[in-house]
Structures are given as C-alpha cells and as structure tokens.
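Structure file final-v6.csv; described as CSV, C-alpha atoms (C1' of nucleotides).
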chain,number,residue,atom,x,y,z
A,1,MET,CA,-12.8,-19.5,-37.3
A,2,ILE,CA,-12.4,-15.8,-36.4
A,3,LYS,CA,-8.9,-14.4,-36.9
A,4,ILE,CA,-8.1,-11.6,-34.5
A,5,VAL,CA,-5.2,-9.5,-33.3
A,6,PHE,CA,-5.2,-8.7,-29.5
A,7,PHE,CA,-4.3,-5.3,-28.1
A,8,GLY,CA,-3.7,-5.0,-24.4
A,9,THR,CA,-1.2,-4.0,-21.7
A,10,PRO,CA,-1.9,-4.4,-18.0
A,11,GLU,CA,-3.2,-7.2,-15.9
A,12,PHE,CA,-6.8,-6.2,-16.5
A,13,ALA,CA,-6.4,-7.6,-20.1
A,14,LEU,CA,-5.2,-11.0,-19.1
A,15,SER,CA,-8.5,-12.7,-18.5
A,16,SER,CA,-9.7,-11.6,-21.9
A,17,LEU,CA,-6.5,-12.7,-23.6
A,18,ARG,CA,-6.7,-16.1,-21.9
A,19,ALA,CA,-10.4,-16.5,-22.7
A,20,LEU,CA,-10.0,-15.7,-26.3
A,21,THR,CA,-7.0,-18.0,-26.6
A,22,ALA,CA,-8.9,-20.8,-25.1
A,23,HIS,CA,-11.9,-20.5,-27.4
A,24,GLY,CA,-11.9,-23.0,-30.3
A,25,GLU,CA,-13.5,-20.7,-32.8
A,26,ILE,CA,-11.1,-17.8,-32.2
A,27,ALA,CA,-7.5,-17.7,-33.5
A,28,ILE,CA,-5.2,-15.0,-32.1
A,29,GLN,CA,-2.7,-14.2,-34.8
A,30,ALA,CA,-0.7,-11.7,-32.8
A,31,VAL,CA,-0.6,-9.7,-29.6
A,32,VAL,CA,0.2,-6.0,-29.6
A,33,THR,CA,1.3,-4.4,-26.3
A,34,GLN,CA,3.3,-1.5,-25.0
A,35,PRO,CA,7.0,-1.8,-24.9
A,36,ASP,CA,9.0,-2.9,-21.8
A,37,LYS,CA,9.1,-0.2,-19.2
A,38,PRO,CA,11.3,0.5,-16.2
A,39,LYS,CA,9.9,-1.1,-13.1
A,40,GLY,CA,10.9,-1.8,-9.6
A,41,ARG,CA,13.6,-0.3,-7.4
A,42,SER,CA,16.4,-0.7,-9.9
A,43,LEU,CA,14.2,0.5,-12.7
A,44,GLN,CA,14.8,-2.6,-14.8
A,45,LYS,CA,12.9,-2.9,-18.0
A,46,THR,CA,10.0,-5.2,-17.5
A,47,PRO,CA,7.6,-6.6,-20.1
A,48,SER,CA,3.9,-5.7,-19.7
A,49,SER,CA,1.6,-8.3,-18.1
A,50,VAL,CA,0.1,-9.0,-21.5
A,51,ALA,CA,3.5,-9.4,-23.1
A,52,GLN,CA,4.5,-12.0,-20.4
A,53,CYS,CA,1.2,-13.8,-20.7
A,54,ALA,CA,1.4,-13.9,-24.5
A,55,GLU,CA,4.9,-15.4,-24.3
A,56,GLU,CA,3.6,-18.1,-22.1
A,57,LEU,CA,0.8,-18.8,-24.5
A,58,GLY,CA,3.2,-19.0,-27.4
A,59,LEU,CA,1.7,-16.1,-29.3
A,60,PRO,CA,3.7,-13.7,-31.4
A,61,VAL,CA,4.1,-10.4,-29.6
A,62,ILE,CA,4.5,-7.0,-31.1
A,63,LYS,CA,5.7,-4.2,-28.8
A,64,ILE,CA,4.9,-0.8,-29.9
A,65,GLU,CA,4.5,2.6,-28.4
A,66,ASN,CA,3.6,4.9,-31.2
A,67,LEU,CA,1.0,3.8,-33.7
A,68,ILE,CA,0.4,7.1,-35.5
A,69,ASN,CA,2.1,7.3,-38.9
A,70,ASN,CA,4.0,4.1,-38.1
A,71,GLN,CA,4.2,2.5,-41.5
A,72,GLU,CA,6.2,-0.4,-40.4
A,73,VAL,CA,3.6,-1.6,-37.8
A,74,PHE,CA,0.8,-0.8,-40.3
A,75,ASP,CA,2.4,-3.1,-42.9
A,76,GLN,CA,3.1,-5.8,-40.3
A,77,LEU,CA,-0.5,-5.8,-39.0
A,78,SER,CA,-2.0,-5.6,-42.5
A,79,ARG,CA,-0.4,-8.9,-43.4
A,80,TYR,CA,-2.5,-10.8,-40.8
A,81,HIS,CA,-5.7,-9.9,-42.6
A,82,ALA,CA,-7.5,-10.1,-39.3
A,83,ASP,CA,-11.3,-10.3,-39.2
A,84,LEU,CA,-11.4,-8.4,-35.9
A,85,TYR,CA,-9.2,-6.6,-33.4
A,86,ALA,CA,-9.8,-7.1,-29.7
A,87,VAL,CA,-8.7,-4.1,-27.6
A,88,VAL,CA,-8.6,-4.4,-23.8
A,89,ALA,CA,-6.9,-1.7,-21.7
A,90,PHE,CA,-4.2,-1.1,-24.4
A,91,GLY,CA,-3.4,2.3,-23.2
A,92,VAL,CA,-2.7,3.8,-26.6
A,93,ILE,CA,-5.3,5.2,-29.0
A,94,LEU,CA,-5.6,3.3,-32.3
A,95,PRO,CA,-5.5,5.6,-35.3
A,96,SER,CA,-8.3,5.3,-37.7
A,97,ALA,CA,-6.0,3.9,-40.4
A,98,LEU,CA,-5.4,0.9,-38.2
A,99,LEU,CA,-9.1,0.6,-37.3
A,100,ALA,CA,-9.8,0.2,-40.9
A,101,LEU,CA,-7.6,-2.8,-41.3
A,102,PRO,CA,-9.7,-5.6,-39.8
A,103,ALA,CA,-12.7,-6.6,-42.0
A,104,ARG,CA,-15.2,-6.3,-39.2
A,105,GLY,CA,-13.6,-3.6,-37.1
A,106,ALA,CA,-12.2,-3.5,-33.6
A,107,LEU,CA,-14.0,-4.6,-30.5
A,108,ASN,CA,-13.1,-2.9,-27.2
A,109,LEU,CA,-13.9,-3.9,-23.7
A,110,HIS,CA,-14.6,-1.0,-21.4
A,111,PRO,CA,-15.2,-1.4,-17.7
A,112,SER,CA,-18.2,0.8,-17.3
A,113,LEU,CA,-21.8,1.0,-18.5
A,114,LEU,CA,-21.2,3.2,-21.5
A,115,PRO,CA,-22.0,6.0,-22.3
A,116,ARG,CA,-21.4,6.5,-18.6
A,117,TYR,CA,-17.8,6.9,-17.6
A,118,ARG,CA,-15.8,7.2,-20.8
A,119,GLY,CA,-12.1,7.7,-20.3
A,120,SER,CA,-9.3,6.2,-18.3
A,121,SER,CA,-10.6,5.8,-14.8
A,122,PRO,CA,-14.1,4.3,-14.9
A,123,ILE,CA,-13.5,1.8,-12.1
A,124,GLN,CA,-12.1,4.4,-9.7
A,125,THR,CA,-14.7,6.9,-10.5
A,126,ALA,CA,-17.6,4.5,-9.9
A,127,ILE,CA,-16.3,3.7,-6.4
A,128,LEU,CA,-15.5,7.3,-5.7
A,129,ASN,CA,-19.0,8.4,-6.6
A,130,GLY,CA,-20.5,5.8,-4.4
A,131,ASP,CA,-22.3,3.9,-7.2
A,132,THR,CA,-23.9,0.7,-6.3
A,133,GLU,CA,-23.4,-0.8,-9.7
A,134,THR,CA,-21.3,-0.4,-12.7
A,135,GLY,CA,-20.6,-2.8,-15.6
A,136,ILE,CA,-18.7,-3.8,-18.6
A,137,THR,CA,-19.3,-2.9,-22.2
A,138,VAL,CA,-18.2,-4.4,-25.4
A,139,MET,CA,-18.2,-1.9,-28.2
A,140,LEU,CA,-16.9,-1.1,-31.6
A,141,LEU,CA,-14.1,1.4,-31.7
A,142,ASP,CA,-14.3,4.5,-33.8
A,143,GLU,CA,-12.1,7.5,-34.0
A,144,LYS,CA,-13.6,9.1,-30.8
A,145,MET,CA,-12.7,7.8,-27.4
A,146,ASP,CA,-15.1,5.2,-26.0
A,147,HIS,CA,-17.7,6.5,-28.4
A,148,GLY,CA,-18.5,3.6,-30.8
A,149,PRO,CA,-21.7,1.5,-31.0
A,150,ILE,CA,-22.4,-1.0,-28.3
A,151,VAL,CA,-22.3,-4.7,-29.0
A,152,ALA,CA,-22.9,-6.1,-25.5
A,153,GLN,CA,-23.2,-4.9,-22.0
A,154,HIS,CA,-23.4,-6.4,-18.5
A,155,THR,CA,-24.1,-4.9,-15.1
A,156,VAL,CA,-21.9,-5.7,-12.1
A,157,GLN,CA,-22.7,-4.9,-8.5
A,158,ILE,CA,-20.3,-2.8,-6.4
A,159,ASN,CA,-20.0,-4.0,-2.9
A,160,THR,CA,-19.6,-1.5,0.0
A,161,ASN,CA,-16.2,-2.9,0.7
A,162,ASP,CA,-15.0,-3.0,-2.9
A,163,THR,CA,-11.7,-1.4,-3.7
A,164,SER,CA,-10.4,-0.7,-7.2
A,165,PRO,CA,-8.4,-3.9,-7.3
A,166,THR,CA,-11.2,-6.1,-6.1
A,167,LEU,CA,-13.7,-4.5,-8.5
A,168,SER,CA,-11.3,-4.5,-11.3
A,169,ASP,CA,-10.7,-8.2,-10.9
A,170,ARG,CA,-14.4,-9.0,-11.1
A,171,LEU,CA,-14.9,-6.7,-14.1
A,172,SER,CA,-11.9,-8.3,-15.8
A,173,ILE,CA,-13.2,-11.8,-15.4
A,174,MET,CA,-16.8,-10.9,-16.4
A,175,GLY,CA,-15.5,-8.7,-19.1
A,176,ALA,CA,-13.6,-11.6,-20.6
A,177,GLN,CA,-16.7,-13.7,-20.9
A,178,LEU,CA,-18.7,-10.9,-22.3
A,179,LEU,CA,-16.0,-10.1,-24.9
A,180,VAL,CA,-15.9,-13.7,-26.1
A,181,LYS,CA,-19.7,-13.9,-26.3
A,182,GLY,CA,-20.0,-10.5,-27.9
A,183,MET,CA,-17.3,-11.3,-30.4
A,184,LEU,CA,-19.0,-14.5,-31.5
A,185,ASP,CA,-22.5,-12.9,-31.7
A,186,TYR,CA,-21.2,-10.0,-33.6
A,187,SER,CA,-19.3,-12.1,-36.0
A,188,ASN,CA,-22.3,-14.3,-36.6
A,189,GLY,CA,-24.5,-11.4,-37.1
A,190,LYS,CA,-26.6,-12.3,-34.1
A,191,VAL,CA,-26.4,-8.8,-32.6
A,192,GLN,CA,-26.7,-5.5,-34.2
A,193,PRO,CA,-24.5,-2.8,-32.5
A,194,TYR,CA,-26.4,0.3,-31.4
A,195,ALA,CA,-25.2,3.8,-31.0
A,196,GLN,CA,-24.6,5.2,-27.5
A,197,ASP,CA,-27.2,7.6,-26.2
A,198,GLU,CA,-25.4,10.9,-26.1
A,199,ARG,CA,-27.7,12.3,-23.5
A,200,TYR,CA,-26.1,10.1,-20.8
A,201,VAL,CA,-22.4,10.6,-21.7
A,202,SER,CA,-20.0,11.3,-18.9
A,203,TYR,CA,-16.2,11.3,-18.8
A,204,THR,CA,-13.7,10.2,-16.2
A,205,LYS,CA,-10.4,12.1,-15.6
A,206,GLN,CA,-6.9,10.8,-15.7
A,207,ILE,CA,-5.9,10.3,-12.0
A,208,SER,CA,-2.8,12.0,-10.8
A,209,LYS,CA,-0.8,11.5,-7.6
A,210,ASP,CA,-2.1,14.7,-6.1
A,211,ASP,CA,-5.6,13.3,-6.3
A,212,GLY,CA,-4.6,11.0,-3.4
A,213,ARG,CA,-4.2,13.8,-0.9
A,214,ILE,CA,-7.1,13.7,1.6
A,215,GLU,CA,-9.2,16.8,2.0
A,216,TRP,CA,-10.3,16.4,5.6
A,217,THR,CA,-13.1,18.9,5.2
A,218,LYS,CA,-14.9,16.3,3.1
A,219,THR,CA,-17.2,13.9,5.0
A,220,SER,CA,-15.9,10.6,6.3
A,221,LYS,CA,-18.1,8.8,3.8
A,222,GLU,CA,-16.6,10.6,0.9
A,223,ILE,CA,-13.0,10.1,2.2
A,224,ALA,CA,-13.7,6.4,2.8
A,225,ARG,CA,-14.8,6.0,-0.8
A,226,GLN,CA,-11.7,7.8,-2.0
A,227,ILE,CA,-9.5,5.4,0.0
A,228,ARG,CA,-11.2,2.5,-1.7
A,229,ALA,CA,-11.2,4.1,-5.1
A,230,TYR,CA,-7.5,5.2,-5.1
A,231,LYS,CA,-6.1,1.9,-3.9
A,232,PRO,CA,-3.3,1.0,-4.5
A,233,TRP,CA,-2.4,4.1,-6.6
A,234,PRO,CA,-2.2,7.0,-6.0
A,235,GLY,CA,-3.4,5.9,-2.5
A,236,SER,CA,-4.9,8.3,-0.1
A,237,TRP,CA,-2.6,10.1,2.2
A,238,THR,CA,-2.3,13.1,4.5
A,239,ILE,CA,0.6,15.0,5.9
A,240,LEU,CA,1.0,15.0,9.7
A,241,ASP,CA,3.2,17.1,11.8
A,242,ASN,CA,5.9,14.8,13.2
A,243,LYS,CA,7.7,16.9,15.8
A,244,GLY,CA,7.9,19.7,13.4
A,245,LYS,CA,8.7,17.6,10.3
A,246,PRO,CA,6.1,16.9,7.7
A,247,HIS,CA,5.3,13.2,7.7
A,248,THR,CA,3.2,11.5,5.0
A,249,LEU,CA,0.8,8.9,6.2
A,250,LYS,CA,-1.1,6.7,3.7
A,251,ILE,CA,-4.4,5.4,4.9
A,252,ILE,CA,-5.0,1.9,3.6
A,253,ASP,CA,-8.2,0.9,5.3
A,254,ALA,CA,-10.8,3.0,7.1
A,255,VAL,CA,-14.5,3.1,7.8
A,256,PRO,CA,-16.7,6.1,8.3
A,257,LEU,CA,-18.4,6.6,11.6
A,258,SER,CA,-21.8,8.3,11.7
A,259,THR,CA,-21.4,10.7,14.5
A,260,ILE,CA,-19.0,12.8,16.4
A,261,ALA,CA,-21.5,13.5,19.1
A,262,ASP,CA,-19.3,12.3,21.9
A,263,TYR,CA,-16.7,14.9,21.0
A,264,ALA,CA,-19.1,17.8,20.3
A,265,GLN,CA,-18.1,19.4,23.5
A,266,ASN,CA,-14.5,19.6,22.6
A,267,PRO,CA,-13.7,22.4,20.1
A,268,LEU,CA,-10.4,20.8,19.2
A,269,SER,CA,-11.9,17.7,17.9
A,270,HIS,CA,-14.0,19.7,15.5
A,271,THR,CA,-11.0,20.6,13.5
A,272,PRO,CA,-10.9,18.4,10.4
A,273,GLY,CA,-7.7,16.4,10.1
A,274,LYS,CA,-7.1,15.9,13.8
A,275,LEU,CA,-6.3,12.4,15.0
A,276,ILE,CA,-8.2,11.4,18.1
A,277,GLN,CA,-8.5,8.3,20.2
A,278,LEU,CA,-12.0,6.8,20.4
A,279,SER,CA,-11.2,4.1,23.0
A,280,ARG,CA,-8.6,1.5,23.5
A,281,LYS,CA,-7.1,0.6,20.2
A,282,ARG,CA,-9.5,2.7,18.2
A,283,TYR,CA,-8.5,5.8,16.5
A,284,ALA,CA,-10.2,8.2,14.1
A,285,PHE,CA,-9.6,11.3,12.1
A,286,VAL,CA,-12.0,14.2,12.4
A,287,CYS,CA,-13.6,14.9,9.0
A,288,GLY,CA,-16.0,17.6,7.7
A,289,GLY,CA,-19.6,17.9,8.8
A,290,SER,CA,-18.7,16.5,12.2
A,291,THR,CA,-18.0,13.0,11.0
A,292,LEU,CA,-15.3,10.6,12.0
A,293,LEU,CA,-13.2,8.3,10.0
A,294,GLU,CA,-12.0,5.3,12.0
A,295,ILE,CA,-8.6,4.0,10.7
A,296,PHE,CA,-7.5,0.4,10.7
A,297,THR,CA,-4.5,0.1,8.4
A,298,VAL,CA,-2.0,2.7,7.6
A,299,GLN,CA,1.4,3.1,5.9
A,300,PRO,CA,3.9,5.7,7.0
A,301,ALA,CA,6.3,7.1,4.5
A,302,ASN,CA,9.1,4.6,3.8
A,303,ARG,CA,7.5,1.9,5.9
A,304,THR,CA,5.4,-1.1,5.2
A,305,THR,CA,1.7,-1.2,6.1
A,306,MET,CA,0.7,-1.7,9.7
A,307,SER,CA,-2.3,-1.5,12.0
A,308,ALA,CA,-3.3,1.9,13.1
A,309,ASP,CA,-2.9,0.8,16.7
A,310,SER,CA,0.7,-0.3,16.1
A,311,TYR,CA,1.5,2.9,14.3
A,312,ILE,CA,0.2,5.1,17.0
A,313,ARG,CA,2.0,3.0,19.7
A,314,GLY,CA,5.2,4.3,18.4
A,315,ASN,CA,4.0,7.8,17.6
A,316,LEU,CA,1.9,8.7,20.6
A,317,TRP,CA,2.3,12.5,20.2
A,318,LEU,CA,0.2,12.4,17.1
A,319,ILE,CA,-3.0,11.9,19.1
A,320,ASP,CA,-4.7,15.2,19.6
A,321,THR,CA,-7.4,14.2,22.0
A,322,ILE,CA,-7.4,11.3,24.4
A,323,LYS,CA,-10.7,10.1,25.8
A,324,LYS,CA,-10.3,9.1,29.4
B,1,C,C1',25.2,3.0,-11.3
B,2,G,C1',17.3,6.5,-11.1
B,3,C,C1',16.1,9.0,-5.9
B,4,G,C1',15.4,8.0,-0.8
B,5,G,C1',14.2,5.5,4.2
B,6,G,C1',15.2,1.6,7.4
B,7,G,C1',17.0,-3.3,10.4
B,8,U,C1',17.1,-2.0,18.9
B,9,A,C1',12.2,-7.3,23.4
B,10,G,C1',6.4,-10.6,20.3
B,11,A,C1',4.3,-5.3,17.7
B,12,G,C1',5.2,-0.1,16.8
B,13,C,C1',9.1,3.2,18.0
B,14,A,C1',12.9,6.4,21.0
B,15,G,C1',18.0,6.4,22.0
B,16,U,C1',24.2,9.6,17.6
B,17,A,C1',30.2,7.3,22.5
B,18,G,C1',29.5,6.2,29.1
B,19,C,C1',24.5,0.8,33.3
B,20,A,C1',19.5,-0.7,26.7
B,21,G,C1',14.4,2.7,27.1
B,22,C,C1',8.9,4.1,25.9
B,23,U,C1',3.8,2.8,24.5
B,24,C,C1',1.5,-1.9,24.0
B,25,G,C1',1.4,-7.2,24.1
B,26,C,C1',2.7,-11.5,27.3
B,27,C,C1',3.3,-14.0,32.5
B,28,U,C1',2.1,-13.7,38.0
B,29,G,C1',-0.7,-11.7,41.8
B,30,G,C1',-4.5,-8.0,43.4
B,31,C,C1',-9.2,-5.3,43.0
B,32,U,C1',-14.0,-6.2,40.8
B,33,C,C1',-20.8,-9.2,39.7
B,34,A,C1',-17.7,-8.5,35.6
B,35,U,C1',-14.3,-6.5,31.8
B,36,A,C1',-10.6,-4.8,26.4
B,37,A,C1',-10.8,-1.1,32.7
B,38,C,C1',-7.7,-0.3,37.2
B,39,C,C1',-3.4,-1.5,40.9
B,40,A,C1',1.3,-4.2,42.1
B,41,G,C1',5.1,-7.2,40.5
B,42,G,C1',7.8,-10.1,36.5
B,43,A,C1',9.8,-12.5,32.2
B,44,G,C1',11.6,-11.3,27.5
B,45,G,C1',17.4,-7.9,23.6
B,46,U,C1',24.2,-11.7,20.7
B,47,C,C1',20.9,-3.5,19.2
B,48,G,C1',20.9,-7.3,10.9
B,49,U,C1',26.2,-9.8,9.8
B,50,G,C1',31.6,-9.4,9.7
B,51,G,C1',35.7,-6.3,10.4
B,52,G,C1',38.0,-1.4,12.1
B,53,U,C1',38.9,3.0,15.5
B,54,G,C1',38.2,4.1,21.0
B,55,C,C1',39.5,3.1,27.9
B,56,G,C1',34.6,2.3,26.3
B,57,A,C1',30.4,1.5,20.2
B,58,A,C1',23.2,0.5,19.3
B,59,U,C1',25.9,5.2,18.5
B,60,C,C1',31.9,6.7,14.6
B,61,C,C1',34.5,4.2,9.9
B,62,C,C1',34.6,0.1,6.0
B,63,A,C1',32.3,-4.1,3.7
B,64,C,C1',28.2,-7.4,3.2
B,65,C,C1',23.0,-9.3,3.9
B,66,C,C1',17.9,-8.2,4.3
B,67,C,C1',13.4,-5.0,4.2
B,68,C,C1',10.6,-0.8,2.5
B,69,G,C1',8.8,4.0,0.1
B,70,C,C1',9.2,7.0,-4.3
B,71,A,C1',9.5,6.7,-9.2
B,72,A,C1',7.6,4.0,-13.8

In structure tokens, write the structure found in this file.
Amino acid sequence: MIKIVFFGTPEFALSSLRALTAHGEIAIQAVVTQPDKPKGRSLQKTPSSVAQCAEELGLPVIKIENLINNQEVFDQLSRYHADLYAVVAFGVILPSALLALPARGALNLHPSLLPRYRGSSPIQTAILNGDTETGITVMLLDEKMDHGPIVAQHTVQINTNDTSPTLSDRLSIMGAQLLVKGMLDYSNGKVQPYAQDERYVSYTKQISKDDGRIEWTKTSKEIARQIRAYKPWPGSWTILDNKGKPHTLKIIDAVPLSTIADYAQNPLSHTPGKLIQLSRKRYAFVCGGSTLLEIFTVQPANRTTMSADSYIRGNLWLIDTIKK
RNA sequence: CGCGGGGUAGAGCAGUAGCAGCUCGCCUGGCUCAUAACCAGGAGGUCGUGGGUGCGAAUCCCACCCCCGCAA
C-alpha cells in the first residue's frame, strides 16, 4: 500500500484524483488545494474543483495558499508520513522543505513532453505553435520548475480542430492513467527516473488577457491557432468601430482560408482587420499575407455567443466590402 | 452590497413620448434547366412582469423576474 498526499486545484487534476482514489494499492491520506476564491457574478467564495471532488470522495482537505515558511502546514503534513506526494496542476510551488517530507519524493504530472514546454501554459503553447503532437510527463519534483527526472512519458496527438479545453480533457484523462502506472512502477522500483535533456528545454509563458488581442497582420493560420489555443480564456478578440464607439468582438470559431485571390483587385480588402462578405452567410476577416479567416461563431461584448451570420445581420455597417 | 451590459416578430438588431421598424428566416406566387440567386406579395409582436406619471409610454419613474460580459 502506497500512502500519498494529493496536491491539485483545477479541473485538470480531477481525473488523476479519481484514478488514484480508485486504485486498491494507493491510499490518499489528504488532499491539499488552494483556498476558496471569489467566483461568478456575485464573487461568492467557491471551493476549487479539487476541493469539491475531495469532499465527495470523503477525503480530508487542506486548503492552503502559502506554503513557504508555513510551519503549521509543515507539521500537519509531516504527521501523515506519506510515501509519495502526487502533484497535479496545484498552482503553487512546493518549497524544498516540503518536498523532503515524503519518503520517495513528489511525483508531478505535467501536460507536455518535457523538457519541452516547461511552465504554466504548455497546452495552449502546443496548439499555438501548431504542433501535431504533445504529451504528458510524470516526473519527480525538485526545486527547479518542471526540471526533475522523468518517470514516465506518453505522446498524445493534437487534432487540427483541438482547442485548449478539448486537448486538456484528453491530456487529463491519459495523464491520470500514466500517473497511476508511473507511481506504481516507481514505487516498485520497476522504473529508474532519468534526467531531462537540457538541450531541448523550452519554457511557456504565463498567459495574460492582452495576449488574446488579435493581430490581424498575422496570417489566418496563425490567428486560427490562437483562437483554438486561447479558448476559453483569455479568448481571441478584436476591437471594431461600431458607429464611432469601440466594440469588442470575441471570435470563438473560425477557419483559415487559403487565398484572397478573389479580392486581390480591391485595395480595401487588403487591409488586415477588415470584415468582408464572401458570399451569402459567409464572412471573413482579412489577415496578413493576403489570407482570409472565415468566421463562424462570435461573441460581442456583453452578449452571449452567436453565429457570425446572426451577428452581422444586426450590425450590417460592419461589412467593409460586399461581393455582389 | 465587486464593475458593467441587456430583455422589441423564429434569429440578430434599430427605435429615448405621437400609426412598431431593419437585415435575415418562414409562407404564397412568379422567373429559371436549376439554385442558397432574382422579382412580386404575405403571415408573424400582450415591446420581460407588475404598478406609477402623461391626452398619449417600447420610450419617463418605482418595484420585481430572467439573461449575459468583465472580474476571479
């Protein structure tokens, strides 16, 4: 029987939490997660996904924000005498003092093929870069971020229509299986963790809201990838001129078109960021390099999502060029 | 009391006191080899709910219900 403490916060960690709980040879002694945070329109304090799930599973929950120099939590955790920690999307760095507590160390599930894409946004970055595959890695935590030796790794394909949520779901489920297997193999001494190859290290940045703003001078393929990568947050949006007032439009679903040839004669349509009508019910933005991005689903500011056709029905002045 | 937007025809929107409108969709007919095209005609609204002010309210005032964005 392996005694562990589970660290996790968002939905991504749920598959792992459930898989570990369900396994007969693994005993979760406690679940550590971030404290309740304001959520929703009234900003009511809401427990994290992991906290809610752990409650349902009847596991003891420890909510903690700051782990550094937190003697109380240190003492509390040391009483469990865990063999291993399992860390999945916890969102807080574990200080080395804590990592030293479990007898066999702390296993982390990271949604990339380490050493590629260390950091906080590996899933979004993989889609943004147009990768055809990514993966999940189970590794031992050390004091450097996503740096420790690898226990197990598995490749996952990225579909051309994958968005961050769809890819994240798949990585979460496959990651849970890999984590359980990796944990057992590692505990039984079946696998020997190996150091990451520093030559292939890359890092992903923390995404901010501003990253969602669309640069229309990029090609439609790049913009389409951004739309899929930054869904649902921060989203991909542009600011249109609504009768003199700035008007934010989020683009939910769009596909790059290969050519702008039909519009090459019209100098107006070469201006990136212009909205043009392709045909009945089909609309596109002009992007860089004479490419077009056909839009299907949009979300105006303060509105719910709607089809591009519907949106433009009620905002006809937005169309820059109409093909007769 | 976190900030803000909104509820008008099946959809998306205009209309801020004086006959309820636009772009679509839908129905009928026409034109076409044909069509998501084009032409002609038509149906479809208790303007979120309740109250108030006015000669007159979608529009102004009050209350309530519902929806959404930001934020986290």

Give me the chain B side of the contact with chain A, cut-off 12 Å, one line per residue showing its nearest atom pair and distance in Å at one decimal, counting all atoms listed in the file, sorted by chain and residue number, as a Markdown table.
| residue | atom | partner | partner_atom | distance |
| --- | --- | --- | --- | --- |
| B:C1 | C1' | A:Ser42 | CA | 9.6 |
| B:G2 | C1' | A:Leu43 | CA | 6.9 |
| B:C3 | C1' | A:Arg41 | CA | 9.7 |
| B:G4 | C1' | A:Asn302 | CA | 8.5 |
| B:G5 | C1' | A:Asn302 | CA | 5.2 |
| B:G6 | C1' | A:Asn302 | CA | 7.7 |
| B:G7 | C1' | A:Arg303 | CA | 11.7 |
| B:A11 | C1' | A:Ser310 | CA | 6.4 |
| B:G12 | C1' | A:Ser310 | CA | 4.6 |
| B:C13 | C1' | A:Gly314 | CA | 4.1 |
| B:A14 | C1' | A:Gly314 | CA | 8.4 |
| B:C22 | C1' | A:Gly314 | CA | 8.4 |
| B:U23 | C1' | A:Arg313 | CA | 5.1 |
| B:C24 | C1' | A:Arg313 | CA | 6.5 |
| B:G25 | C1' | A:Ser310 | CA | 10.6 |
| B:A36 | C1' | A:Arg280 | CA | 7.2 |
| B:A37 | C1' | A:Arg280 | CA | 9.8 |
| B:C67 | C1' | A:Thr304 | CA | 9.0 |
| B:C68 | C1' | A:Arg303 | CA | 5.3 |
| B:G69 | C1' | A:Asn302 | CA | 3.8 |
| B:C70 | C1' | A:Asn302 | CA | 8.4 |
| B:A71 | C1' | A:Arg41 | CA | 8.3 |
| B:A72 | C1' | A:Pro38 | CA | 5.6 |

Can you write out the residues you just picked, keeping C-alpha atoms (C1' of nucleotides), as a PDB file, keeping the file's coordinate frame?
ATOM      1  C1'   C B   1      25.200   3.000 -11.300  1.00  0.00           C
ATOM      2  C1'   G B   2      17.300   6.500 -11.100  1.00  0.00           C
ATOM      3  C1'   C B   3      16.100   9.000  -5.900  1.00  0.00           C
ATOM      4  C1'   G B   4      15.400   8.000  -0.800  1.00  0.00           C
ATOM      5  C1'   G B   5      14.200   5.500   4.200  1.00  0.00           C
ATOM      6  C1'   G B   6      15.200   1.600   7.400  1.00  0.00           C
ATOM      7  C1'   G B   7      17.000  -3.300  10.400  1.00  0.00           C
ATOM      8  C1'   A B  11       4.300  -5.300  17.700  1.00  0.00           C
ATOM      9  C1'   G B  12       5.200  -0.100  16.800  1.00  0.00           C
ATOM     10  C1'   C B  13       9.100   3.200  18.000  1.00  0.00           C
ATOM     11  C1'   A B  14      12.900   6.400  21.000  1.00  0.00           C
ATOM     12  C1'   C B  22       8.900   4.100  25.900  1.00  0.00           C
ATOM     13  C1'   U B  23       3.800   2.800  24.500  1.00  0.00           C
ATOM     14  C1'   C B  24       1.500  -1.900  24.000  1.00  0.00           C
ATOM     15  C1'   G B  25       1.400  -7.200  24.100  1.00  0.00           C
ATOM     16  C1'   A B  36     -10.600  -4.800  26.400  1.00  0.00           C
ATOM     17  C1'   A B  37     -10.800  -1.100  32.700  1.00  0.00           C
ATOM     18  C1'   C B  67      13.400  -5.000   4.200  1.00  0.00           C
ATOM     19  C1'   C B  68      10.600  -0.800   2.500  1.00  0.00           C
ATOM     20  C1'   G B  69       8.800   4.000   0.100  1.00  0.00           C
ATOM     21  C1'   C B  70       9.200   7.000  -4.300  1.00  0.00           C
ATOM     22  C1'   A B  71       9.500   6.700  -9.200  1.00  0.00           C
ATOM     23  C1'   A B  72       7.600   4.000 -13.800  1.00  0.00           C
TER      24        A B  72
END

Inset, instruction - Write out as a ChimeraX atom specification which residues come within 12 Å of G45 of chain B when counting all atoms listed in the file, dropping same-chain ones fewer than 6 positions away. - result: /B:8-10,20-21,58

Legend entry - Two-atom distance - atom CA of Ala30 of chain A, atom CA of Ile4 of chain A (Å): 7.6 Å

Legend entry - d(atom CA of Leu140 of chain A, atom CA of Gln153 of chain A) in Å: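 Value for the atom CA of Leu140 of chain A-atom CA of Gln153 of chain A distance: 12.1 Å.
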
Legend entry - One-decimal distance in Å that lies between atom CA of Gln52 of chain A and atom CA of Leu20 of chain A: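 Spanning atom CA of Leu20 of chain A to atom CA of Gln52 of chain A is a straight-line distance of 16.1 Å.
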
Inset, instruction - For the point (6.4, -3.9, 35.0) in the file's frame, write as a PyMOL selection string all residues with an atom no more than 12 Å away, counting all atoms listed in the file. - result: chain B and resi 26-28+39-44

Inset, instruction - Return the single residue from A:Ser112, A:Ser168, A:Ser121, A:Thr271 that is closest to Thr137 of chain A, with distances computed using all atoms listed in the file. - result: A:Ser112

Inset, instruction - Might you pull out every residue within 9 Å of Val50 of chain A, with all atoms listed in the file counted and same-chain residues fewer than 4 positions away left off, and present them as a PyMOL selection string? - result: chain A and resi 7-14+17+31-34+54-55
